[in-house]
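Just model_21.tsv here, TSV, C-alpha atoms:
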```tsv
chain	number	residue	atom	x	y	z
A	1	MET	CA	-30.30	2.91	35.55
A	2	PRO	CA	-28.45	-0.43	35.42
A	3	LYS	CA	-29.34	-3.01	38.08
A	4	PHE	CA	-25.90	-3.00	39.64
A	5	LEU	CA	-26.27	0.76	40.31
A	6	ILE	CA	-29.82	0.34	41.70
A	7	LYS	CA	-28.42	-2.15	44.19
A	8	ARG	CA	-26.09	0.58	45.41
A	9	TRP	CA	-29.19	2.51	46.53
A	10	HIS	CA	-31.62	-0.27	47.41
A	11	GLY	CA	-29.27	-2.88	48.78
A	12	MET	CA	-29.59	-4.66	52.14
A	13	HIS	CA	-27.50	-1.99	53.86
A	14	GLN	CA	-30.18	0.61	53.09
A	15	LEU	CA	-32.91	-1.69	54.40
A	16	TRP	CA	-31.09	-2.46	57.66
A	17	ALA	CA	-30.30	1.21	58.15
A	18	PHE	CA	-33.98	2.18	57.95
A	19	VAL	CA	-34.98	-0.75	60.22
A	20	LEU	CA	-32.45	0.48	62.78
A	21	ILE	CA	-33.78	4.04	62.57
A	22	ILE	CA	-37.36	2.81	63.11
A	23	VAL	CA	-36.34	0.66	66.08
A	24	LEU	CA	-34.50	3.59	67.68
A	25	THR	CA	-37.49	5.86	67.04
A	26	ILE	CA	-39.84	3.39	68.74
A	27	ALA	CA	-37.43	3.09	71.66
A	28	LEU	CA	-37.24	6.84	72.08
A	29	ALA	CA	-41.04	7.15	71.82
A	30	TRP	CA	-41.40	4.48	74.55
A	31	TYR	CA	-39.03	6.45	76.73
A	32	ASP	CA	-40.42	9.90	75.84
A	33	TRP	CA	-42.99	10.65	73.17
A	34	LEU	CA	-41.35	14.05	72.42
A	35	TYR	CA	-37.99	12.44	71.66
A	36	GLY	CA	-39.81	9.87	69.59
A	37	LEU	CA	-41.52	12.56	67.57
A	38	ILE	CA	-38.24	14.37	66.93
A	39	SER	CA	-36.60	11.09	65.90
A	40	LEU	CA	-39.51	10.34	63.52
A	41	VAL	CA	-39.14	13.74	61.87
A	42	LEU	CA	-35.42	13.19	61.47
A	43	ALA	CA	-36.01	9.71	60.01
A	44	ALA	CA	-38.49	11.16	57.53
A	45	ALA	CA	-35.97	13.84	56.58
A	46	VAL	CA	-33.31	11.21	55.99
A	47	GLY	CA	-35.74	9.22	53.83
A	48	VAL	CA	-36.69	12.27	51.75
A	49	TYR	CA	-33.03	13.22	51.37
A	50	SER	CA	-32.19	9.69	50.19
A	51	VAL	CA	-34.94	9.78	47.56
A	52	LEU	CA	-33.88	13.23	46.33
A	53	ALA	CA	-30.24	12.20	46.27
A	54	GLU	CA	-31.08	9.12	44.21
A	55	ARG	CA	-33.03	11.21	41.69
A	56	ALA	CA	-30.16	13.71	41.45
A	57	PHE	CA	-27.72	10.87	40.94
A	58	ARG	CA	-29.84	9.38	38.17
A	59	ARG	CA	-30.15	12.78	36.49
A	60	ASP	CA	-26.40	13.50	36.68
A	61	LEU	CA	-25.55	10.01	35.51
A	62	LYS	CA	-27.88	10.32	32.52
A	63	THR	CA	-26.35	13.67	31.60
A	64	TYR	CA	-22.83	12.29	31.91
A	65	LEU	CA	-23.61	9.21	29.82
A	66	GLY	CA	-25.25	11.37	27.16
A	67	THR	CA	-22.16	13.61	27.01
A	68	LEU	CA	-19.88	10.58	26.94
A	69	SER	CA	-21.87	8.96	24.12
A	70	TYR	CA	-21.68	12.17	22.10
A	71	ARG	CA	-17.92	12.40	22.63
A	72	VAL	CA	-17.43	8.75	21.69
A	73	LYS	CA	-19.53	9.12	18.51
A	74	LYS	CA	-17.71	12.31	17.57
A	75	ALA	CA	-14.30	10.78	18.21
A	76	GLY	CA	-15.30	7.66	16.23
A	77	SER	CA	-16.51	9.78	13.34
A	78	GLU	CA	-13.29	11.81	13.29
A	79	VAL	CA	-11.12	8.70	13.53
A	80	THR	CA	-13.05	7.00	10.72
A	81	SER	CA	-12.72	10.10	8.54
A	82	GLU	CA	-8.98	10.36	9.12
A	83	LEU	CA	-8.17	6.68	8.62
A	84	PRO	CA	-5.26	6.10	6.17
A	85	PHE	CA	-7.46	3.80	4.08
A	86	GLY	CA	-10.84	4.03	2.42
A	87	ILE	CA	-14.12	2.47	3.51
A	88	ILE	CA	-17.21	2.19	1.31
A	89	LEU	CA	-20.59	0.71	2.20
A	90	TYR	CA	-22.91	-0.05	-0.70
A	91	ASN	CA	-26.42	-1.42	-1.05
A	92	GLU	CA	-27.93	-4.36	-2.91
A	93	ASP	CA	-28.17	-2.26	-6.08
A	94	ASN	CA	-24.40	-1.74	-5.98
A	95	LYS	CA	-24.82	1.95	-5.15
A	96	VAL	CA	-22.59	3.72	-2.63
A	97	GLU	CA	-24.42	4.40	0.65
A	98	TRP	CA	-21.54	5.79	2.72
A	99	HIS	CA	-17.81	6.42	2.49
A	100	ASN	CA	-15.13	8.15	4.53
A	101	SER	CA	-13.07	11.18	3.50
A	102	PHE	CA	-10.21	9.03	2.16
A	103	VAL	CA	-12.46	8.01	-0.75
A	104	SER	CA	-13.32	11.64	-1.48
A	105	ARG	CA	-9.64	12.58	-1.62
A	106	MET	CA	-8.78	9.54	-3.73
A	107	LEU	CA	-11.50	10.17	-6.34
A	108	GLU	CA	-11.20	13.99	-6.06
A	109	LYS	CA	-14.92	14.29	-5.45
A	110	GLU	CA	-16.77	15.74	-2.50
A	111	SER	CA	-19.12	12.77	-2.42
A	112	VAL	CA	-19.79	9.63	-4.44
A	113	ILE	CA	-22.87	8.54	-2.50
A	114	GLY	CA	-25.45	7.15	-4.91
A	115	GLU	CA	-22.93	6.37	-7.63
A	116	SER	CA	-22.46	2.90	-9.06
A	117	MET	CA	-19.59	0.80	-7.73
A	118	ASP	CA	-19.00	-0.67	-11.19
A	119	GLU	CA	-18.48	2.82	-12.63
A	120	LEU	CA	-16.16	3.88	-9.82
A	121	PHE	CA	-14.16	0.63	-9.83
A	122	PRO	CA	-14.52	-1.30	-13.11
A	123	THR	CA	-12.06	-3.95	-11.88
A	124	LEU	CA	-14.60	-5.09	-9.28
A	125	SER	CA	-16.44	-6.94	-12.03
A	126	GLN	CA	-13.52	-9.38	-12.05
A	127	ALA	CA	-14.25	-10.44	-8.49
A	128	LYS	CA	-17.32	-12.52	-9.41
A	129	GLU	CA	-18.83	-12.58	-5.92
A	130	ARG	CA	-15.82	-13.97	-4.12
A	131	GLU	CA	-13.72	-12.68	-1.24
A	132	GLY	CA	-10.31	-11.37	-2.10
A	133	THR	CA	-8.31	-8.39	-3.29
A	134	LEU	CA	-7.73	-6.58	-6.55
A	135	GLU	CA	-5.34	-3.84	-7.63
A	136	THR	CA	-6.40	-0.83	-9.67
A	137	ALA	CA	-4.81	2.43	-10.83
A	138	ILE	CA	-6.61	5.70	-10.13
A	139	GLY	CA	-5.17	9.12	-10.87
A	140	GLY	CA	-1.57	7.99	-11.11
A	141	SER	CA	-1.72	5.95	-7.88
A	142	VAL	CA	-2.22	2.24	-7.32
A	143	TYR	CA	-4.80	1.01	-4.82
A	144	GLU	CA	-5.61	-2.37	-3.34
A	145	LEU	CA	-9.33	-3.16	-3.18
A	146	MET	CA	-10.34	-5.58	-0.42
A	147	PHE	CA	-13.99	-6.48	-0.83
A	148	ARG	CA	-16.50	-8.28	1.41
A	149	PHE	CA	-19.54	-9.14	-0.67
A	150	ASP	CA	-21.58	-10.61	2.17
A	151	GLU	CA	-21.26	-7.37	4.13
A	152	ARG	CA	-21.36	-5.15	1.01
A	153	LEU	CA	-18.18	-3.53	2.26
A	154	LEU	CA	-15.07	-2.36	0.41
A	155	TYR	CA	-11.71	-1.40	1.92
A	156	ILE	CA	-9.27	0.64	-0.16
A	157	ARG	CA	-5.56	0.93	0.59
A	158	ASP	CA	-2.95	3.03	-1.22
A	159	ILE	CA	-0.13	0.69	-2.26
A	160	THR	CA	1.58	3.04	-4.71
A	161	GLN	CA	4.87	3.07	-2.84
A	162	ARG	CA	4.89	-0.70	-2.40
A	163	TRP	CA	3.98	-1.18	-6.06
A	164	GLN	CA	6.74	1.19	-7.18
A	165	LEU	CA	9.29	-0.65	-5.04
A	166	ALA	CA	8.16	-4.01	-6.44
A	167	LYS	CA	8.31	-2.65	-9.98
A	168	ARG	CA	11.76	-1.19	-9.37
A	169	TYR	CA	12.93	-4.48	-7.90
A	170	GLU	CA	11.76	-6.35	-11.02
A	171	GLU	CA	13.24	-3.77	-13.38
A	172	GLU	CA	16.65	-3.88	-11.69
A	173	LYS	CA	17.00	-7.66	-11.92
A	174	ILE	CA	20.00	-8.69	-14.00
A	175	ALA	CA	19.60	-9.60	-17.66
A	176	LEU	CA	22.40	-11.32	-19.60
A	177	GLY	CA	22.94	-11.27	-23.33
A	178	ILE	CA	25.34	-12.76	-25.86
A	179	VAL	CA	25.98	-11.14	-29.23
A	180	MET	CA	27.61	-13.29	-31.89
A	181	MET	CA	28.74	-12.63	-35.44
A	182	ASP	CA	26.98	-15.42	-37.32
A	183	ASN	CA	29.28	-16.26	-40.19
A	184	LEU	CA	32.56	-14.52	-39.45
A	185	GLU	CA	34.76	-17.42	-40.59
A	186	GLU	CA	32.86	-17.81	-43.86
A	187	VAL	CA	32.79	-14.13	-44.87
A	188	THR	CA	36.45	-13.60	-43.99
A	189	GLN	CA	37.73	-16.50	-46.06
A	190	GLY	CA	40.10	-15.15	-48.67
A	191	MET	CA	40.62	-11.87	-46.77
A	192	ASP	CA	44.06	-10.79	-45.63
A	193	ASP	CA	44.65	-9.76	-42.01
A	194	GLN	CA	44.15	-6.06	-42.78
A	195	GLN	CA	40.76	-6.60	-44.41
A	196	ARG	CA	39.65	-8.95	-41.64
A	197	SER	CA	40.75	-6.45	-38.99
A	198	ALA	CA	38.91	-3.62	-40.74
A	199	LEU	CA	35.73	-5.68	-40.94
A	200	LEU	CA	35.92	-6.66	-37.28
A	201	SER	CA	36.62	-3.08	-36.25
A	202	ARG	CA	33.59	-1.78	-38.12
A	203	ALA	CA	31.29	-4.49	-36.80
A	204	THR	CA	32.66	-3.98	-33.29
A	205	ALA	CA	32.07	-0.22	-33.60
A	206	GLU	CA	28.42	-0.84	-34.49
A	207	ILE	CA	27.99	-3.12	-31.48
A	208	THR	CA	29.82	-0.70	-29.17
A	209	ASP	CA	27.73	2.28	-30.31
A	210	TRP	CA	24.55	0.27	-29.79
A	211	ALA	CA	25.67	-0.77	-26.29
A	212	SER	CA	26.57	2.83	-25.43
A	213	LYS	CA	23.22	4.10	-26.68
A	214	PHE	CA	21.29	1.74	-24.38
A	215	HIS	CA	23.81	1.96	-21.50
A	216	LEU	CA	24.77	-1.70	-21.67
A	217	TYR	CA	27.88	-3.25	-20.17
A	218	LEU	CA	29.76	-4.82	-23.10
A	219	LYS	CA	32.61	-7.29	-22.73
A	220	ARG	CA	34.33	-9.01	-25.65
A	221	LEU	CA	34.69	-12.75	-25.05
A	222	THR	CA	36.19	-13.88	-28.34
A	223	SER	CA	36.76	-12.31	-31.73
A	224	ASP	CA	33.14	-12.93	-32.73
A	225	ARG	CA	31.32	-13.05	-29.40
A	226	PHE	CA	30.36	-10.39	-26.83
A	227	LEU	CA	28.82	-10.55	-23.36
A	228	ILE	CA	26.20	-7.98	-22.35
A	229	ILE	CA	25.06	-7.24	-18.79
A	230	THR	CA	22.06	-5.01	-18.15
A	231	ASN	CA	18.74	-5.07	-16.26
A	232	GLN	CA	15.20	-6.05	-17.17
A	233	LYS	CA	14.09	-2.45	-17.64
A	234	THR	CA	16.69	-1.89	-20.34
A	235	LEU	CA	15.91	-5.28	-21.86
A	236	LYS	CA	12.30	-4.13	-22.35
A	237	GLN	CA	13.63	-1.06	-24.16
A	238	LEU	CA	15.72	-3.31	-26.40
A	239	GLU	CA	12.65	-5.40	-27.19
A	240	LEU	CA	10.62	-2.28	-27.99
A	241	SER	CA	13.37	-1.23	-30.40
A	242	ARG	CA	13.19	-4.74	-31.87
A	243	PHE	CA	16.99	-4.95	-31.51
A	244	VAL	CA	17.82	-2.25	-34.01
A	245	LEU	CA	21.44	-3.45	-33.96
A	246	LEU	CA	20.45	-6.27	-36.32
A	247	ASP	CA	19.28	-3.77	-38.94
A	248	GLU	CA	22.31	-1.53	-38.46
A	249	VAL	CA	24.78	-4.38	-38.98
A	250	ARG	CA	22.79	-5.65	-41.97
A	251	GLU	CA	22.88	-2.19	-43.54
A	252	MET	CA	26.60	-1.90	-42.82
A	253	SER	CA	27.30	-5.26	-44.43
A	254	ALA	CA	25.24	-4.26	-47.48
A	255	GLU	CA	27.35	-1.13	-47.91
A	256	ILE	CA	30.61	-3.08	-47.95
A	257	LYS	CA	28.97	-5.98	-49.82
A	258	ILE	CA	29.90	-8.56	-47.21
A	259	PRO	CA	26.99	-10.75	-45.97
A	260	MET	CA	27.63	-10.44	-42.23
A	261	THR	CA	24.81	-10.79	-39.71
A	262	LEU	CA	24.43	-11.03	-35.96
A	263	SER	CA	22.59	-13.34	-33.61
A	264	ILE	CA	21.61	-12.23	-30.11
A	265	GLY	CA	20.51	-14.29	-27.13
A	266	PHE	CA	19.09	-12.63	-24.00
A	267	ALA	CA	17.73	-14.01	-20.75
A	268	ALA	CA	16.18	-12.62	-17.55
A	269	GLY	CA	14.09	-13.81	-14.62
A	270	ALA	CA	16.10	-16.91	-13.68
A	271	GLU	CA	16.54	-18.05	-10.07
A	272	SER	CA	20.35	-17.84	-10.15
A	273	ILE	CA	23.08	-16.19	-12.18
A	274	VAL	CA	24.28	-19.62	-13.37
A	275	GLU	CA	20.82	-20.48	-14.68
A	276	LEU	CA	20.62	-17.03	-16.24
A	277	GLY	CA	23.81	-17.66	-18.16
A	278	GLN	CA	22.49	-21.00	-19.38
A	279	TRP	CA	19.27	-19.36	-20.53
A	280	ALA	CA	21.21	-16.71	-22.45
A	281	GLN	CA	23.24	-19.39	-24.25
A	282	THR	CA	20.07	-21.36	-24.99
A	283	SER	CA	18.44	-18.23	-26.45
A	284	LEU	CA	21.48	-17.69	-28.66
A	285	ASP	CA	21.29	-21.31	-29.82
A	286	PHE	CA	17.61	-20.79	-30.68
A	287	ALA	CA	18.49	-17.70	-32.73
A	288	LEU	CA	21.26	-19.56	-34.57
A	289	GLY	CA	19.01	-22.57	-35.10
A	290	ARG	CA	16.42	-20.35	-36.77
A	291	GLY	CA	18.97	-19.19	-39.33
A	292	GLY	CA	20.66	-16.34	-37.46
A	293	ASP	CA	20.22	-12.61	-38.07
A	294	GLN	CA	17.74	-12.39	-35.19
A	295	ALA	CA	17.44	-12.03	-31.44
A	296	ALA	CA	15.91	-14.54	-29.04
A	297	VAL	CA	14.79	-13.41	-25.58
A	298	LYS	CA	13.76	-15.62	-22.68
A	299	VAL	CA	12.16	-13.91	-19.68
A	300	GLY	CA	10.85	-16.46	-17.22
A	301	GLN	CA	8.54	-18.75	-19.20
A	302	ARG	CA	8.24	-16.31	-22.11
A	303	GLN	CA	10.34	-16.85	-25.24
A	304	SER	CA	10.31	-14.14	-27.94
A	305	PHE	CA	12.06	-13.67	-31.28
A	306	TYR	CA	12.95	-10.49	-33.16
A	307	GLY	CA	14.34	-9.99	-36.62
```
As structure tokens, how would this structure be written, given the file I've shared?
Amino acid sequence: MPKFLIKRWHGMHQLWAFVLIIVLTIALAWYDWLYGLISLVLAAAVGVYSVLAERAFRRDLKTYLGTLSYRVKKAGSEVTSELPFGIILYNEDNKVEWHNSFVSRMLEKESVIGESMDELFPTLSQAKEREGTLETAIGGSVYELMFRFDERLLYIRDITQRWQLAKRYEEEKIALGIVMMDNLEEVTQGMDDQQRSALLSRATAEITDWASKFHLYLKRLTSDRFLIITNQKTLKQLELSRFVLLDEVREMSAEIKIPMTLSIGFAAGAESIVELGQWAQTSLDFALGRGGDQAAVKVGQRQSFYG
């Protein structure tokens, strides 16, 4: 029993109470030995009762504390198991010693105790014994790994929704492009207005079909220049197609035996729309400077060429 509870039973009030009982018993015995004897028996009964009551209190308190400890441990175990994030404890050999149910659900295994951490999470090898976080994909979901090497402890949090929102945010950022007919003035020299109009119509049809295919916003700026507005997701698709429009226009010009080509400048990832427009024009200038008939793309610090 804790000392502060013992004092409840063996404090000064108990001592003075027994001293008072003894004094009264002596007084009664001095007055009449029979009354003194009765008082002594009653005092002994009170003493025995106090001892028995203390033992009963200790027994009940021990039982209560044992029940309370069990309830606390059970509640703690249930709470730990139902936490919305994973917890893994591993030993010096990098083997899993314990984990909660979140880890079992995440890895779709009943238990991974005894398995190697490097096999379960290959990205942990990138940590190199330093505190921090890593992201990894498991079963179509993205998780954040927060590791504590000194404690041999790993926290796992599902960040799939946050990652998807961040990805969507990046994909929906605006991308600007400029499409230009490289040598329109040169190839149309000697043509009458009807031939020039027919050539422009056919080239414009190729550009319009391409824009429609990739769901691009197309706006004609001048007779030989077009503005394109799209997002970074579509720009990636254009890069994967390696700007097929260049090949289509080249094939069209070969059919009609007129050496017409296109140059394309695209930009994305700038801090402002003004800067984005400047990047798009710079990309177009790069494409023209490299001889035309190609596409230049600037995304942040990356500059790529196609064609």
* To do: Write out as JSON, numbers by chain which residues come within 12 Å of Leu262 in chain A when counting all atoms listed in the file, dropping same-chain ones fewer than 5 positions away.
  => {"A": [178, 179, 180, 181, 182, 183, 184, 203, 204, 206, 207, 224, 225, 226, 243, 244, 245, 246, 247, 248, 249, 250, 251, 252, 253, 284, 287, 288, 291, 292, 293, 294, 295, 296, 306, 307]}
* To one decimal place, how far is CA of Ser263 in chain A from CA of Ile229 in chain A in Å? -> 16.2 Å
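Note that CA of Glu82 in chain A and CA of Thr63 in chain A are 28.6 Å apart.
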* Residue with smallest distance to Glu92 in chain A - pool A:Phe18, A:Phe149, A:Phe266, A:Tyr155, counting only C-alpha atoms -> A:Phe149
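The space between CA of Glu186 in chain A and CA of Leu199 in chain A spans 12.8 Å.
With only C-alpha atoms as the atoms that count, the minimum distance from Ala43 in chain A to the choices A:Leu221, A:Ile258, A:Ile21, A:Ala280 is reached by A:Ile21.
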* Selection: 8 Å around Leu134 in chain A, only C-alpha atoms, excl. self and same-chain fewer than 4 positions, as JSON, numbers by chain -> {"A": [123, 124, 127, 144, 145, 146]}
* Excluding Lys236 in chain A and any residue of its chain fewer than 2 positions from it, enumerate the residues within 12 Å of it, using all atoms listed in the file, and give them as a ChimeraX atom specification. => /A:170-173,175,214,230-234,238-243,266-268,297-299,304
* Asked: Which polymer residues have any atom within 9 Å of an atom of His99 in chain A, counting all atoms listed in the file, with same-chain residues fewer than 6 positions away left out, as an NGL selection string?
  -> :A and (81 or 86-90 or 111-113)
Requested write-out: C-alpha atoms of the selected residues, as a compact mmCIF listing (two decimals), in the frame of the given file:
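Printed below is selection.txt as written:
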```txt
# COMPACT_ATOMS: atom_id res chain seq x y z
CA SER A 81 -12.72 10.10 8.54
CA GLY A 86 -10.84 4.03 2.42
CA ILE A 87 -14.12 2.47 3.51
CA ILE A 88 -17.21 2.19 1.31
CA LEU A 89 -20.59 0.71 2.20
CA TYR A 90 -22.91 -0.05 -0.70
CA SER A 111 -19.12 12.77 -2.42
CA VAL A 112 -19.79 9.63 -4.44
CA ILE A 113 -22.87 8.54 -2.50
```
